[in-house]
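Have a look at the structure below, then the notes.
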Amino acid sequence: MVQQKVLFVCTGNSARSQMAEALLRKYAGDRFEVHSAGLEPRGIHPLTVRVLEEIGLDISSQHSKSLKTYMGRDFFRYVITVCGHADANCPQPLWAQGGIKLHWPFDDPAAVEGAEESQLAKFREVRDQIDRKIQDWLATV
């Protein structure tokens with residue numbers, strides 16, 4: 001069986017797209033070749049690593065990748081943007097040859113300021129939202 005390629009895109013490739021990549025690999029890594037990238041990669045946020053570790057996913061060897069890495073080299077069956085900026089600015093050639101672009105907007109947990117517990121709560125909330133969205137989507141594809 002040929003794996004269909006999926007690319008999750010956000011602005012920084014530091015939280016939401018990294019979470020989505022890890023979660024889709026967990027649930028359907030045998031069905032999909034999963035990647036993530038950012039329009040302006042910033043490095044993985046430490047709380048992204050932490051909240052994924054809490055559910056048994058180790059992304060400590062992952063790194064933020066630029067969308068440019070994939071331009072002109074890869075075709076994706078699904079390109080899934082996870083923030084409004086990525087949705088508005090994602091280059092069409094990534095899915096133009098019969099692919100499908102989806103938009104799943106999630107709040108940016110890295111934007112939360114204040115105590116670490118508040119930040120951690122938001123990272124967990126977004127992780128859980130992404131988890132549910134992926135499971136729902138997998139039931140339809």
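Each chain in the structure tokens gets a letter, A, B and so on, in the order shown; residues start at 1 in every chain, and ligands are counted from 1 in the order they appear.
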Contacts of stretch 69-74 of chain A at 12 Å or less, counting only C-alpha atoms, minus same-chain residues fewer than 3 places along, as a PDB file with N, CA and C atoms, in the first residue's frame?
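This went into result_15.pdb:
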```pdb
ATOM      1  N   GLN A   4      -0.126   7.875   1.481  1.00  0.00           N
ATOM      2  CA  GLN A   4      -0.423   9.215   1.007  1.00  0.00           C
ATOM      3  C   GLN A   4       0.342  10.211   1.861  1.00  0.00           C
ATOM      4  N   LYS A   5       0.865  11.260   1.221  1.00  0.00           N
ATOM      5  CA  LYS A   5       1.637  12.266   1.944  1.00  0.00           C
ATOM      6  C   LYS A   5       0.721  13.343   2.515  1.00  0.00           C
ATOM      7  N   VAL A   6       1.007  13.722   3.773  1.00  0.00           N
ATOM      8  CA  VAL A   6       0.267  14.767   4.473  1.00  0.00           C
ATOM      9  C   VAL A   6       1.280  15.777   4.989  1.00  0.00           C
ATOM     10  N   LEU A   7       0.960  17.063   4.803  1.00  0.00           N
ATOM     11  CA  LEU A   7       1.803  18.142   5.314  1.00  0.00           C
ATOM     12  C   LEU A   7       0.958  19.060   6.184  1.00  0.00           C
ATOM     13  N   PHE A   8       1.353  19.205   7.443  1.00  0.00           N
ATOM     14  CA  PHE A   8       0.726  20.170   8.338  1.00  0.00           C
ATOM     15  C   PHE A   8       1.551  21.450   8.297  1.00  0.00           C
ATOM     16  N   VAL A   9       0.869  22.592   8.131  1.00  0.00           N
ATOM     17  CA  VAL A   9       1.557  23.875   7.979  1.00  0.00           C
ATOM     18  C   VAL A   9       1.027  24.880   8.990  1.00  0.00           C
ATOM     19  N   GLU A  33       2.371   9.194   5.098  1.00  0.00           N
ATOM     20  CA  GLU A  33       3.710   9.735   5.301  1.00  0.00           C
ATOM     21  C   GLU A  33       3.497  11.170   5.768  1.00  0.00           C
ATOM     22  N   HIS A  35       4.395  14.926   7.466  1.00  0.00           N
ATOM     23  CA  HIS A  35       5.404  15.974   7.594  1.00  0.00           C
ATOM     24  C   HIS A  35       4.751  17.212   8.194  1.00  0.00           C
ATOM     25  N   SER A  36       5.582  18.131   8.659  1.00  0.00           N
ATOM     26  CA  SER A  36       5.100  19.444   9.068  1.00  0.00           C
ATOM     27  C   SER A  36       6.147  20.473   8.687  1.00  0.00           C
ATOM     28  N   ALA A  37       5.690  21.717   8.527  1.00  0.00           N
ATOM     29  CA  ALA A  37       6.597  22.800   8.146  1.00  0.00           C
ATOM     30  C   ALA A  37       5.972  24.125   8.546  1.00  0.00           C
ATOM     31  N   GLY A  38       6.816  25.158   8.523  1.00  0.00           N
ATOM     32  CA  GLY A  38       6.354  26.491   8.863  1.00  0.00           C
ATOM     33  C   GLY A  38       6.734  27.500   7.810  1.00  0.00           C
ATOM     34  N   LEU A  39       5.925  28.529   7.707  1.00  0.00           N
ATOM     35  CA  LEU A  39       6.249  29.630   6.801  1.00  0.00           C
ATOM     36  C   LEU A  39       7.480  30.374   7.291  1.00  0.00           C
ATOM     37  N   GLU A  40       7.622  30.483   8.612  1.00  0.00           N
ATOM     38  CA  GLU A  40       8.759  31.154   9.249  1.00  0.00           C
ATOM     39  C   GLU A  40       9.195  30.307  10.444  1.00  0.00           C
ATOM     40  N   PRO A  41       9.912  29.194  10.208  1.00  0.00           N
ATOM     41  CA  PRO A  41      10.251  28.273  11.298  1.00  0.00           C
ATOM     42  C   PRO A  41      10.998  28.950  12.446  1.00  0.00           C
ATOM     43  N   SER A  64      12.200  22.226  13.627  1.00  0.00           N
ATOM     44  CA  SER A  64      11.339  23.050  12.775  1.00  0.00           C
ATOM     45  C   SER A  64      11.878  23.030  11.363  1.00  0.00           C
ATOM     46  N   LYS A  65      10.954  22.908  10.425  1.00  0.00           N
ATOM     47  CA  LYS A  65      11.338  22.871   9.016  1.00  0.00           C
ATOM     48  C   LYS A  65      10.639  23.997   8.265  1.00  0.00           C
ATOM     49  N   SER A  66      11.312  24.510   7.272  1.00  0.00           N
ATOM     50  CA  SER A  66      10.746  25.548   6.428  1.00  0.00           C
ATOM     51  C   SER A  66       9.906  24.910   5.326  1.00  0.00           C
ATOM     52  N   ARG A  77      -0.865  14.793  -0.912  1.00  0.00           N
ATOM     53  CA  ARG A  77      -2.282  14.492  -1.104  1.00  0.00           C
ATOM     54  C   ARG A  77      -3.128  15.416  -0.236  1.00  0.00           C
ATOM     55  N   TYR A  78      -2.624  15.682   0.989  1.00  0.00           N
ATOM     56  CA  TYR A  78      -3.316  16.588   1.903  1.00  0.00           C
ATOM     57  C   TYR A  78      -2.335  17.622   2.437  1.00  0.00           C
ATOM     58  N   VAL A  79      -2.707  18.878   2.313  1.00  0.00           N
ATOM     59  CA  VAL A  79      -1.997  19.974   2.958  1.00  0.00           C
ATOM     60  C   VAL A  79      -2.992  20.562   3.949  1.00  0.00           C
ATOM     61  N   CYS A  90      -0.189  29.848   2.334  1.00  0.00           N
ATOM     62  CA  CYS A  90       0.368  28.564   1.925  1.00  0.00           C
ATOM     63  C   CYS A  90       0.403  28.478   0.395  1.00  0.00           C
ATOM     64  N   PRO A  91       1.557  28.181  -0.200  1.00  0.00           N
ATOM     65  CA  PRO A  91       1.682  28.135  -1.661  1.00  0.00           C
ATOM     66  C   PRO A  91       0.885  26.991  -2.290  1.00  0.00           C
ATOM     67  N   GLN A  92       0.071  27.316  -3.253  1.00  0.00           N
ATOM     68  CA  GLN A  92      -0.795  26.350  -3.912  1.00  0.00           C
ATOM     69  C   GLN A  92      -0.058  25.196  -4.599  1.00  0.00           C
ATOM     70  N   PRO A  93       1.151  25.372  -5.125  1.00  0.00           N
ATOM     71  CA  PRO A  93       1.801  24.234  -5.790  1.00  0.00           C
ATOM     72  C   PRO A  93       1.945  22.987  -4.922  1.00  0.00           C
ATOM     73  N   LEU A  94       1.878  23.115  -3.629  1.00  0.00           N
ATOM     74  CA  LEU A  94       2.011  21.952  -2.752  1.00  0.00           C
ATOM     75  C   LEU A  94       0.860  20.958  -2.914  1.00  0.00           C
ATOM     76  N   TRP A  95      -0.296  21.439  -3.343  1.00  0.00           N
ATOM     77  CA  TRP A  95      -1.441  20.540  -3.513  1.00  0.00           C
ATOM     78  C   TRP A  95      -2.111  20.684  -4.873  1.00  0.00           C
ATOM     79  N   ALA A  96      -1.541  21.450  -5.765  1.00  0.00           N
ATOM     80  CA  ALA A  96      -2.206  21.804  -7.022  1.00  0.00           C
ATOM     81  C   ALA A  96      -2.446  20.627  -7.966  1.00  0.00           C
ATOM     82  N   GLN A  97      -1.701  19.574  -7.849  1.00  0.00           N
ATOM     83  CA  GLN A  97      -1.827  18.444  -8.777  1.00  0.00           C
ATOM     84  C   GLN A  97      -2.748  17.361  -8.229  1.00  0.00           C
ATOM     85  N   GLY A  99      -4.222  17.390  -5.163  1.00  0.00           N
ATOM     86  CA  GLY A  99      -4.245  17.290  -3.710  1.00  0.00           C
ATOM     87  C   GLY A  99      -5.408  18.056  -3.115  1.00  0.00           C
TER      88      GLY A  99
END
```
Quick one: residues within 7 Å of A:Ala86, only C-alpha atoms counted, chain neighbours fewer than 2 positions away excluded, as a PyMOL selection string?
-> chain A and resi 9-11+39+81+83-84+88-90
Any chance you can output those residues with C-alpha atoms as a PDB file, in the first residue's frame?
```pdb
ATOM      1  CA  VAL A   9       1.557  23.875   7.979  1.00  0.00           C
ATOM      2  CA  CYS A  10       1.621  26.713  10.491  1.00  0.00           C
ATOM      3  CA  THR A  11       3.581  29.903  10.815  1.00  0.00           C
ATOM      4  CA  LEU A  39       6.249  29.630   6.801  1.00  0.00           C
ATOM      5  CA  THR A  81      -3.062  24.450   7.624  1.00  0.00           C
ATOM      6  CA  CYS A  83      -3.465  28.651  11.669  1.00  0.00           C
ATOM      7  CA  GLY A  84      -4.997  31.555   9.757  1.00  0.00           C
ATOM      8  CA  ALA A  88      -3.786  32.660   3.785  1.00  0.00           C
ATOM      9  CA  ASN A  89      -0.156  32.252   2.696  1.00  0.00           C
ATOM     10  CA  CYS A  90       0.368  28.564   1.925  1.00  0.00           C
TER      11      CYS A  90
END
```
Pick out the residues sitting within 10 Å of stretch 15-31 of chain A, and hand them over as a ChimeraX atom specification; count only C-alpha atoms, and ignore anything fewer than 3 positions along from it in its own chain.
-> /A:1-12,34-38,42-49,51-52,55-59,62-65,80-83,105-110,123,126-135,138
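Going from atom CA of A:Glu117 to atom CA of A:His85 covers 26.8 Å.
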Two-atom distance - atom CA of A:Gly114, atom CA of A:Ser14 (Å) = 18.7 Å
Helix (DSSP H, G or I) residues, from DSSP on the backbone, in chain A, as a count of residues only = 59
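Atom CA of A:Asp87 to atom CA of A:His103 spans 6.5 Å [interatomic distance, one decimal].
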